[in-house]
Each structure stands twice: as structure tokens, then as C-alpha cells.
Amino acid sequence: MRTYFIALTVAVCLAHVGPTAPRNINGTVYDAFDKKPMTGVTVKVEGNNKPVYTNSKGHYAIALADSKYKLIFYAEGYKPETLRVGKSNLLNVYLKRDIIYKSDTVAYSVSNYNVRPNASADEMLKKVEGLAVNQNGYFSYQGQPVTKLRMSGKDYMGGDAAQAIQSLPSDIIERLQIVEDYGDHASMSGVRPGAPDKTLQFKTNNDKKLNEVIIQTPRPNNESYSRIIENQFINPTTTPLSTFATDVDAASYANVRRYINSGQLPPKNAVRIEEMINYFKYDLPEPAAGKPVAIRAEVATAPWNAKHQLVRIGLKAKTIDNAKLPPSNLVFLLDVSGSMDSPNKLPLVKTSLKMLVDQLRPVDHVAMVVYAGSAGLVLPSTPGDQKQKIKDAIDQLGAGGSTAGGAGIKLAYSIARQNFKKGGNNRIVMATDGDFNVGQSSDKDMEQLIEQERQSGVSISILGFGMGNYKDSKMELLADKGHGNYAYIDNVTEATRSMVTEFGGTLFTVAKDVKLQVEFNPAKVQAYRLLGYEDRLLAKEDFNNDAKLGGDMGVGHNVTALYEVIPVGVKDDAFAGNVDPLKYQKELKAEAKSASDELMTVKFRYKDPNADVSKMESIVVQNKTIELSNASEDMRFAAAVAEYGLLLRNSQFKQSSNFNQLITLAKNAKGKDEQGYRAEFIRLAESTRNVAKSNTLAAE
């Protein structure tokens, strides 16, 4: 009877026990070093391929099935973490930076050189050709500064030679030798296999490794940038019209950030001021009903010269809900050549494209073309709701071989034409480092190829990756000539911005061939200068010529253009110039109409996405200047970014620009900053000030 009662009790208890509902785990991911929230961190359940990503505040939320207990967190440049979930549904994570591997550095290895016990740093260095200590006590190797040295788990920033050597037991140092290794030793030393790997090693008398030191120096830079010749001040009496194509690209800012974060100043030609400014969103009014673009202007004093005016012209493209966007015919064109075999290249390409795939709808289609030594189709056009099939094709990609970029572009356009959606978004999304070396490969070849292919109505968006051999000049050209845009992706956070936050703007055009033409009133303007847009200038006749290309604006995109104006009456021989009176003709005099209070007239042209004939609108800007401190937050922040660009370029027009001034200006104009991009800019400017070692001068 007792046995029956126990069995009955157990049965009743079990009858009330059902399957446990999934748990919703959430938390925030922080950088373990500076304790700041991390955006774009990948979070997934162990054994499950469906990830989620942290938002702009570092927060994540993910469902955890009853049988699953571990979550995996990883981000480019950080050590992945696999954590067991406890009883609490709140799990905050601190990711440690992967300080051993740096894709923009090379590590060197030293062992097997005879060095006497108690050897000094100088004696040790004499045994290693090319290794030296500078006057500040830091390592250098073959003339390159050592950016970081790690030994016994401790980091010596700047390769502090004295501290590093003193921390070793000097009586057991015996041998040093530079060796180069790409095999198992790469894994043993903590550097990922396949990376150029050299490691500084100290060994004991019995030949057992005592310590290992990683020294890092900058990798030789083979990057290419088109030369920028800065716009000069122009006299409106002789040249009253300024004409250019708009540009919404923002690649330059992300690329500059990559340089600064690695402790280096960018090359001058990598700094395109208009792209720096246009990286940020501004609070511009939506276009009126039926209009794709709205325009406004603002005039204030220039921060680097209070006697000058700074004019901001802002364009805002209309916002469209993603569900109402036209269907897409996309072709992913992916560089899988050997130069992409780096963690910040092909693996980051895969992560970025998977984010984009998550945004697609059933009406959208994706095909995938890859190229290395030759080009091939690896995924036929596939509906956007077959996400796992598309992601599986992405996961199977590997890198190796030469780079036949021209052949890949031709095949991608061919596939796009075969699946063309009339009235839809027909676009190639190209991911590459731009290092083409087989077949058509020069910048001129690429320009001619794109000019031929763009007649098909297919646009191209360029996603740039990597460093060291990065070919910015080629990718900017492809985007400009191919009715597309250009972004540089250096980390998961930037991938999230391009592929998720600005998905519509990246892929969907609402106005094409957008051009601006500004006419200055010589009665009010002594001289004017356009900041940036040097490679987008047009002849005045091109403004009304619909055969001449302009820029394209995507859903919700902003375009900001800044003019620096020297007002009439301001003595400024340095920039406005001083020309003797003409001998053979009369000086042009301002007509009575120009004596009005108009500073300038702004005209802009655009075409609807599927139209061939442009439309034109215009606004008049009055000569009403306010103090910069009273200007809008957007005006002040854009001015701070422009000043930062002038300093990075060490511009001849920087005048009284300085880092302290622009940092203060940006801090006071940060505003809501929900995505944290403006706060990041302020930190970047502060870091640049420290790297530059000067308050006024930056890159040469």
C-alpha cells in the first residue's frame, strides 16, 4: 500500500510538470578596457546559427531554449567569450580586446643569439640587425616604430624597451634571433594562423622557452588614394557660379577612424572633408509631399576666422518605410582573392552581408558572384525569405588566388540584367579591398567598364574592407561612375550602421544625378571657397546637361555642403587676393539688382530614379549672418567636423583651426546623439590631438 501511495504521488507530481518555456536572456556588452557599451556585438546560442546583435547602447535580448545553457559573444578585434547562463535572466558581458593580433601590424621574433648574462639593452640590440632603442627608450625595428610589445601577459605600449628587458631575469637570458614563421608557431604564439608572424623569444640555458614577447610595427603601406588639390578662394565677379555633383559617401570618415585607432595619422589624400561631414545625420525637414528632396541653408561666422562667413547648404531625401520600398534585385559581388584572407576582410564581409540578408523581404532576390583568379556564380537569384540558404552560401566562401576584378564586375552586371526588375531596385553590392591585379585592373579600365555597364539601369554600391593594400582610389571611382555609394567597413559596428541602421539609404535611390549650382552676389561676396567635393566639381554648363552625371541620394540620406565666404569690405589679401585694374577692358560692376540683401542663390537638379529628364528647384539665401555660438546644433557640429578635416589635411586654409577649439565646439553641439556617433567623433578628435602631438598640425 505504501509503495502504491508513493508511486501515485510521483505520478501526480509529474503530471503537473510540463516543458519549460524558453528564457529571455538580456544584458549589455561592454569593452572590458574602457567599460563603454559596444554596438554590433554578435550574440548567439551555442549550437545555433541565428545570431542577434547589440544595439547602439550595447544591449541585447535573446531567447534561450530550456536545453541550451551557453551564449557566445564575439566582435572583430576582441576575444570571443562563451558563457554559461545562470539562474538570472540578466547577463552583462565584458569583452577583452585581442591585443596580440593586429591586422595592421607585423610581429617580429628573436631567439638563438648569444647574449651574456646581465646583458644591457644596448648589448642585446647589437645582436639583432635592425632592432634599436630610440632616445626615448622605445624599441624600433628597421626604422619602424614598435607600436606595442607584449611579454608574459603584460603590454608595453610604444614598445618600452627598458621596462621590457628589466622585467626579465637577466641571469638566464641567453639567446636572441629573428625568425619568421607562418605555421604552427603562429597558433602557439597567439597570432592567428596565416598572419605574418614573427615573435621575440628569450630562452633559458636548457633551451626551454622562458618568455615570449610580441613586438608589433606598422605593416608596409601599399594603400592608394587619389590626389586631392584643395579648392581655392574664387572671385565671384569673374566666376559667379559654383557647380558640383552631390556626394553622400562616408567612407573617408570610417577610414580615418581606422588610422587614428591604430595610432597613426591618415595620409592627407585619405581625408575627404565632405565625406567626413556627411557621415553624420542632421535634423533637416522632410521634403514636401510629392518631392524626393528638401533643401535649406544657414549662415554663421566661421570658427577658424570670425571675419569670414560659413554657409551650410543641406539636402534631405525623403524617408520611406522599408515595407514600402520597391522590390530588390541584388547581386553580391565578392572578392575572395588571396588579399582578402585576413580577419578584417573576408570574415567581416560575411558578417556584414548576413546583416543585410536579415533585412530582406520575400519580394527581394539575391544572387552571388565571386572572383579571384576568375569569376563565377555561386548562388543563383534567390528569394529574400530563404535567408538560411543565402547565409549558407556566404559561409562556404574562402579566400585564395589572384584578383580578376574586371571579370567579376562584368559577370555581376550580366546576372543583374538577367534578373532585372522593372521599376525595382537593381543593384550590385561589391565587397572588396580594391586590389585588382588580373585583366582590366587600372583605374582607367574600371572607369570605362563602369561607364559601359551603367547604361543597363543597374547601380553599384561599394563596400571597402581591410588595410595595408587598400585601394580607395579605385573604389571611389567605381561608386562615382556607377550610380552608387561607397562605404568603408572597419568593424562590426560600422557594418551594423551600413547594413541595418542605414539599410534604405545604402541600397534604395530616391533621387539620382543630383547637382548643385550656387550663384554668389558680388555685392556681398568678395571671395568664396567650397570645402571638399574636389573630385565632384562640374563645369557650369554641366548643370543643365542631363547627360552629365550627378550624385545619387538614397532613402533618408542627408547631403551637407559648406562654403567659406569672405564678405565684401573685409581686408583679406591672403585669400581674396589683390589684382591690378584691367588695361584692355572695363572692370565688371555689380548691377543694381545685386545690391539687394541676397548673399547667393542655390539651384539644385535631380532626376526621379527611373527618369531621364531632370527637375530643378532653387532657394535664395539672405545675407543674415549669426554668431556661430547662436547657430543650430547641426551647423556647429558640421563646422567642428570640417575644422577637424582641415587639421588632418594640414590645409593651407586652416587659419586659426585647432583641436581644442573644435573639440569644445563638437561637445557643445552633440545634441541627442541616440546612436553615439557624435560622441565617438569627440573621442576620435581627442585621440587625434594626442597622436598629432600638436594643437594645430596633423598629417603631412
# chains A, B, ... in the order shown; residues from 1 in each chain; ligands from 1
>>> closest_atom_pairs(of="region 282-335 of chain A", to="region 643-662 of chain A", cutoff="12 Å", atoms="only C-alpha atoms", output="CSV")
residue,atom,partner,partner_atom,distance
A:Ala302,CA,A:Glu643,CA,9.6
A:Pro303,CA,A:Ser657,CA,7.5
A:Trp304,CA,A:Ser656,CA,4.8
A:Asn305,CA,A:Ser656,CA,6.6
A:Ala306,CA,A:Ser656,CA,9.7
A:Lys307,CA,A:Gln655,CA,11.6
A:His308,CA,A:Gln655,CA,11.0
A:Leu310,CA,A:Glu643,CA,11.5
>>> write_last_selection(atoms="C-alpha atoms", output="PDB file, in the first residue's frame")
ATOM      1  CA  ALA A 302      33.444  80.581 -39.407  1.00  0.00           C
ATOM      2  CA  PRO A 303      35.088  79.036 -36.295  1.00  0.00           C
ATOM      3  CA  TRP A 304      38.609  79.394 -37.687  1.00  0.00           C
ATOM      4  CA  ASN A 305      38.136  83.032 -38.809  1.00  0.00           C
ATOM      5  CA  ALA A 306      35.399  85.146 -37.224  1.00  0.00           C
ATOM      6  CA  LYS A 307      35.621  87.692 -40.082  1.00  0.00           C
ATOM      7  CA  HIS A 308      34.583  85.019 -42.582  1.00  0.00           C
ATOM      8  CA  LEU A 310      30.367  79.793 -43.167  1.00  0.00           C
TER       9      LEU A 310
END
>>> closest_residue(among="A:Ala250, A:Leu628, A:Leu83, A:Ile409", to="Val369 (chain A)", atoms="only C-alpha atoms")
A:Ile409
>>> residues_around(residues="Met276 (chain A)", least_positions_apart="3", cutoff="6 Å", atoms="only C-alpha atoms", output="list in words")
Tyr253, Ile273 and Tyr279 of chain A
>>> select_by_dssp(residues="region 224-434 of chain A", states="strand (DSSP E)", output="MDAnalysis selection string")
chainID A and resid 241:245 293:302 305:317 328:335 365:371 375:383 425:432
>>> closest_residue(among="A:Ile626, A:Leu265, A:Tyr528, A:Ala639", to="Ile234 (chain A)", atoms="only C-alpha atoms")
A:Tyr528
>>> atom_distance(atom1="CA of Asp597 (chain A)", atom2="CA of Ala642 (chain A)")
27.1 Å
>>> residues_around(residues="Gly484 (chain A)", least_positions_apart="3", cutoff="8 Å", atoms="only C-alpha atoms", output="VMD selection string")
chain A and resid 459 to 462 479 to 481 552
>>> residues_around(residues="Asn329 (chain A)", least_positions_apart="4", cutoff="10 Å", atoms="only C-alpha atoms", output="PyMOL selection string")
chain A and resi 363-367+381-384+415-422+424-428+458
>>> residues_around(residues="region 506-519 of chain A", least_positions_apart="5", cutoff="6 Å", atoms="only C-alpha atoms", output="list in words")
Pro240, Leu241, Ser242, Thr243, Phe244, Ala245, Thr246, Leu549, Gly550, Gly551, Asp552, Met553, Gly554, Val555, Met600, Thr601, Val602, Lys603, Phe604, Arg605, Tyr606, Lys607, Asp608 and Pro609 of chain A
>>> write_last_selection(atoms="N, CA and C atoms", output="compact mmCIF listing (two decimals), in the first residue's frame")
# COMPACT_ATOMS: atom_id res chain seq x y z
N PRO A 240 31.06 83.70 -60.98
CA PRO A 240 29.96 83.77 -60.01
C PRO A 240 29.31 82.43 -59.70
N LEU A 241 29.53 81.41 -60.55
CA LEU A 241 28.84 80.13 -60.40
C LEU A 241 29.78 79.05 -59.86
N SER A 242 29.29 78.31 -58.89
CA SER A 242 29.99 77.14 -58.35
C SER A 242 29.09 75.93 -58.56
N THR A 243 29.57 74.92 -59.30
CA THR A 243 28.73 73.79 -59.69
C THR A 243 29.40 72.48 -59.30
N PHE A 244 28.64 71.58 -58.69
CA PHE A 244 29.22 70.27 -58.32
C PHE A 244 28.11 69.24 -58.17
N ALA A 245 28.51 67.97 -58.23
CA ALA A 245 27.60 66.85 -58.00
C ALA A 245 27.61 66.51 -56.52
N THR A 246 26.45 66.24 -55.96
CA THR A 246 26.39 65.90 -54.54
C THR A 246 27.02 64.54 -54.30
N LEU A 549 26.65 63.19 -65.32
CA LEU A 549 26.28 62.52 -64.08
C LEU A 549 26.32 63.46 -62.89
N GLY A 550 25.37 63.27 -61.99
CA GLY A 550 25.41 63.90 -60.68
C GLY A 550 25.58 62.84 -59.62
N GLY A 551 25.22 63.16 -58.39
CA GLY A 551 25.28 62.19 -57.32
C GLY A 551 23.91 61.59 -57.06
N ASP A 552 23.88 60.44 -56.38
CA ASP A 552 22.62 59.78 -56.06
C ASP A 552 22.34 59.92 -54.56
N MET A 553 21.06 60.08 -54.22
CA MET A 553 20.65 60.16 -52.82
C MET A 553 19.70 59.01 -52.52
N GLY A 554 20.01 58.28 -51.44
CA GLY A 554 19.18 57.16 -51.03
C GLY A 554 18.14 57.58 -50.00
N VAL A 555 17.30 56.63 -49.62
CA VAL A 555 16.22 56.89 -48.67
C VAL A 555 16.76 57.50 -47.38
N MET A 600 23.34 84.73 -51.92
CA MET A 600 23.53 83.77 -53.00
C MET A 600 22.20 83.11 -53.34
N THR A 601 22.17 82.50 -54.50
CA THR A 601 21.03 81.69 -54.92
C THR A 601 21.51 80.27 -55.16
N VAL A 602 20.78 79.31 -54.59
CA VAL A 602 21.16 77.90 -54.71
C VAL A 602 20.13 77.19 -55.58
N LYS A 603 20.59 76.59 -56.66
CA LYS A 603 19.73 75.78 -57.53
C LYS A 603 20.17 74.32 -57.42
N PHE A 604 19.21 73.42 -57.44
CA PHE A 604 19.58 72.00 -57.48
C PHE A 604 18.71 71.24 -58.45
N ARG A 605 19.34 70.32 -59.16
CA ARG A 605 18.67 69.47 -60.14
C ARG A 605 18.71 68.03 -59.67
N TYR A 606 17.70 67.27 -60.07
CA TYR A 606 17.67 65.84 -59.76
C TYR A 606 16.75 65.15 -60.76
N LYS A 607 16.92 63.84 -60.86
CA LYS A 607 16.02 63.02 -61.66
C LYS A 607 15.35 62.01 -60.74
N ASP A 608 14.12 61.67 -61.05
CA ASP A 608 13.48 60.55 -60.37
C ASP A 608 14.26 59.27 -60.73
N PRO A 609 14.23 58.25 -59.87
CA PRO A 609 15.09 57.07 -60.07
C PRO A 609 15.02 56.44 -61.45
>>> residues_around(residues="Lys667 (chain A)", least_positions_apart="3", cutoff="12 Å", atoms="only C-alpha atoms", output="ChimeraX atom specification")
/A:633-634,636-638,640-641,660-664,670-673,678-683,685-686
>>> write_last_selection(atoms="N, CA and C atoms", output="short mmCIF file (atom, residue, chain, number, x, y, z; two decimals), in the first residue's frame")
data_model
loop_
_atom_site.label_atom_id
_atom_site.label_comp_id
_atom_site.auth_asym_id
_atom_site.auth_seq_id
_atom_site.Cartn_x
_atom_site.Cartn_y
_atom_site.Cartn_z
N GLU A 633 22.55 73.37 -33.63
CA GLU A 633 23.50 72.32 -33.22
C GLU A 633 24.13 71.67 -34.44
N ASP A 634 23.32 71.43 -35.47
CA ASP A 634 23.84 70.78 -36.68
C ASP A 634 24.90 71.64 -37.36
N ARG A 636 26.85 73.90 -35.97
CA ARG A 636 28.06 73.92 -35.16
C ARG A 636 28.81 72.60 -35.23
N PHE A 637 28.07 71.48 -35.23
CA PHE A 637 28.76 70.19 -35.29
C PHE A 637 29.42 69.99 -36.65
N ALA A 638 28.72 70.34 -37.73
CA ALA A 638 29.30 70.22 -39.07
C ALA A 638 30.55 71.08 -39.19
N ALA A 640 32.58 71.84 -36.74
CA ALA A 640 33.65 71.16 -35.98
C ALA A 640 34.28 70.04 -36.79
N VAL A 641 33.45 69.26 -37.51
CA VAL A 641 33.97 68.17 -38.33
C VAL A 641 34.81 68.74 -39.47
N ASN A 660 41.66 71.86 -29.72
CA ASN A 660 40.89 72.24 -28.53
C ASN A 660 39.60 72.97 -28.90
N GLN A 661 39.70 73.86 -29.87
CA GLN A 661 38.55 74.64 -30.30
C GLN A 661 37.47 73.75 -30.90
N LEU A 662 37.85 72.85 -31.81
CA LEU A 662 36.84 72.03 -32.47
C LEU A 662 36.23 71.01 -31.50
N ILE A 663 37.03 70.51 -30.55
CA ILE A 663 36.50 69.55 -29.57
C ILE A 663 35.45 70.22 -28.70
N THR A 664 35.74 71.44 -28.25
CA THR A 664 34.75 72.19 -27.46
C THR A 664 33.50 72.47 -28.26
N LYS A 670 26.66 68.34 -29.43
CA LYS A 670 26.46 66.89 -29.54
C LYS A 670 24.98 66.53 -29.66
N GLY A 671 24.10 67.28 -28.99
CA GLY A 671 22.67 67.03 -29.10
C GLY A 671 22.25 65.68 -28.55
N LYS A 672 21.14 65.14 -29.08
CA LYS A 672 20.59 63.87 -28.57
C LYS A 672 21.55 62.71 -28.82
N ASP A 673 22.06 62.60 -30.03
CA ASP A 673 23.08 61.61 -30.37
C ASP A 673 22.68 60.19 -29.95
N ARG A 678 28.26 61.01 -32.66
CA ARG A 678 28.90 62.29 -32.36
C ARG A 678 29.84 62.17 -31.17
N ALA A 679 29.43 61.40 -30.17
CA ALA A 679 30.32 61.17 -29.03
C ALA A 679 31.59 60.46 -29.48
N GLU A 680 31.44 59.52 -30.41
CA GLU A 680 32.61 58.83 -30.94
C GLU A 680 33.54 59.81 -31.65
N PHE A 681 32.96 60.76 -32.40
CA PHE A 681 33.79 61.75 -33.09
C PHE A 681 34.60 62.57 -32.09
N ILE A 682 33.98 62.96 -31.00
CA ILE A 682 34.68 63.75 -29.98
C ILE A 682 35.86 62.97 -29.42
N ARG A 683 35.65 61.68 -29.12
CA ARG A 683 36.76 60.85 -28.62
C ARG A 683 37.84 60.72 -29.69
N ALA A 685 38.58 62.89 -32.07
CA ALA A 685 39.32 64.15 -32.16
C ALA A 685 40.30 64.30 -31.01
N GLU A 686 39.89 63.86 -29.82
CA GLU A 686 40.80 63.92 -28.66
C GLU A 686 42.00 62.99 -28.87
#
>>> atom_distance(atom1="CA of Lys540 (chain A)", atom2="CA of Thr237 (chain A)")
15.0 Å
>>> decode(residues="region 59-92 of chain A", atoms="N, CA and C atoms", output="short mmCIF file (atom, residue, chain, number, x, y, z; two decimals), in the first residue's frame")
data_model
loop_
_atom_site.label_atom_id
_atom_site.label_comp_id
_atom_site.auth_asym_id
_atom_site.auth_seq_id
_atom_site.Cartn_x
_atom_site.Cartn_y
_atom_site.Cartn_z
N HIS A 59 23.02 46.92 -25.80
CA HIS A 59 22.05 45.99 -25.20
C HIS A 59 21.68 44.88 -26.19
N TYR A 60 21.40 43.70 -25.64
CA TYR A 60 20.95 42.58 -26.46
C TYR A 60 19.83 41.85 -25.72
N ALA A 61 19.03 41.09 -26.46
CA ALA A 61 18.00 40.22 -25.89
C ALA A 61 17.90 39.00 -26.79
N ILE A 62 17.91 37.81 -26.19
CA ILE A 62 17.91 36.58 -26.98
C ILE A 62 17.15 35.49 -26.23
N ALA A 63 16.41 34.68 -26.99
CA ALA A 63 15.65 33.58 -26.39
C ALA A 63 16.56 32.38 -26.22
N LEU A 64 16.50 31.77 -25.03
CA LEU A 64 17.34 30.61 -24.72
C LEU A 64 16.45 29.43 -24.42
N ALA A 65 16.52 28.38 -25.25
CA ALA A 65 15.70 27.19 -25.03
C ALA A 65 16.13 26.50 -23.75
N ASP A 66 15.23 25.70 -23.19
CA ASP A 66 15.48 25.04 -21.91
C ASP A 66 16.75 24.20 -21.93
N SER A 67 17.03 23.58 -23.08
CA SER A 67 18.18 22.67 -23.16
C SER A 67 19.49 23.39 -23.47
N LYS A 68 19.41 24.70 -23.69
CA LYS A 68 20.61 25.45 -24.04
C LYS A 68 21.05 26.29 -22.85
N TYR A 69 22.32 26.27 -22.57
CA TYR A 69 22.81 26.98 -21.39
C TYR A 69 23.93 27.97 -21.68
N LYS A 70 24.49 27.95 -22.90
CA LYS A 70 25.65 28.78 -23.18
C LYS A 70 25.37 29.80 -24.28
N LEU A 71 25.90 31.01 -24.07
CA LEU A 71 25.84 32.06 -25.08
C LEU A 71 27.25 32.40 -25.53
N ILE A 72 27.39 32.72 -26.82
CA ILE A 72 28.69 33.09 -27.39
C ILE A 72 28.63 34.55 -27.80
N PHE A 73 29.63 35.33 -27.40
CA PHE A 73 29.72 36.75 -27.72
C PHE A 73 31.02 36.98 -28.48
N TYR A 74 30.94 37.64 -29.64
CA TYR A 74 32.18 37.94 -30.34
C TYR A 74 32.03 39.19 -31.20
N ALA A 75 33.17 39.88 -31.35
CA ALA A 75 33.25 41.10 -32.16
C ALA A 75 34.66 41.18 -32.71
N GLU A 76 34.79 41.76 -33.89
CA GLU A 76 36.10 41.90 -34.52
C GLU A 76 37.04 42.69 -33.61
N GLY A 77 38.25 42.16 -33.37
CA GLY A 77 39.23 42.84 -32.54
C GLY A 77 39.13 42.50 -31.07
N TYR A 78 38.20 41.58 -30.72
CA TYR A 78 38.02 41.19 -29.31
C TYR A 78 38.07 39.67 -29.19
N LYS A 79 38.45 39.20 -28.00
CA LYS A 79 38.47 37.76 -27.77
C LYS A 79 37.04 37.27 -27.56
N PRO A 80 36.63 36.21 -28.27
CA PRO A 80 35.26 35.70 -28.09
C PRO A 80 35.06 35.15 -26.69
N GLU A 81 33.85 35.26 -26.18
CA GLU A 81 33.50 34.75 -24.85
C GLU A 81 32.35 33.77 -24.97
N THR A 82 32.50 32.59 -24.36
CA THR A 82 31.41 31.63 -24.26
C THR A 82 31.05 31.51 -22.78
N LEU A 83 29.83 31.90 -22.44
CA LEU A 83 29.43 31.98 -21.03
C LEU A 83 28.22 31.11 -20.75
N ARG A 84 28.26 30.42 -19.63
CA ARG A 84 27.11 29.63 -19.19
C ARG A 84 26.10 30.55 -18.51
N VAL A 85 24.85 30.38 -18.85
CA VAL A 85 23.79 31.20 -18.27
C VAL A 85 23.39 30.62 -16.92
N GLY A 86 23.35 31.47 -15.90
CA GLY A 86 22.95 31.03 -14.57
C GLY A 86 21.45 31.15 -14.36
N LYS A 87 21.06 31.34 -13.12
CA LYS A 87 19.63 31.42 -12.79
C LYS A 87 19.02 32.76 -13.21
N SER A 88 19.84 33.80 -13.22
CA SER A 88 19.33 35.12 -13.58
C SER A 88 19.17 35.26 -15.09
N ASN A 89 18.16 36.01 -15.50
CA ASN A 89 17.96 36.28 -16.93
C ASN A 89 18.76 37.49 -17.40
N LEU A 90 19.46 38.14 -16.48
CA LEU A 90 20.31 39.28 -16.82
C LEU A 90 21.76 38.81 -16.89
N LEU A 91 22.39 39.03 -18.03
CA LEU A 91 23.79 38.63 -18.20
C LEU A 91 24.56 39.76 -18.90
N ASN A 92 25.31 40.51 -18.13
CA ASN A 92 26.19 41.54 -18.69
C ASN A 92 27.56 40.95 -18.97
#
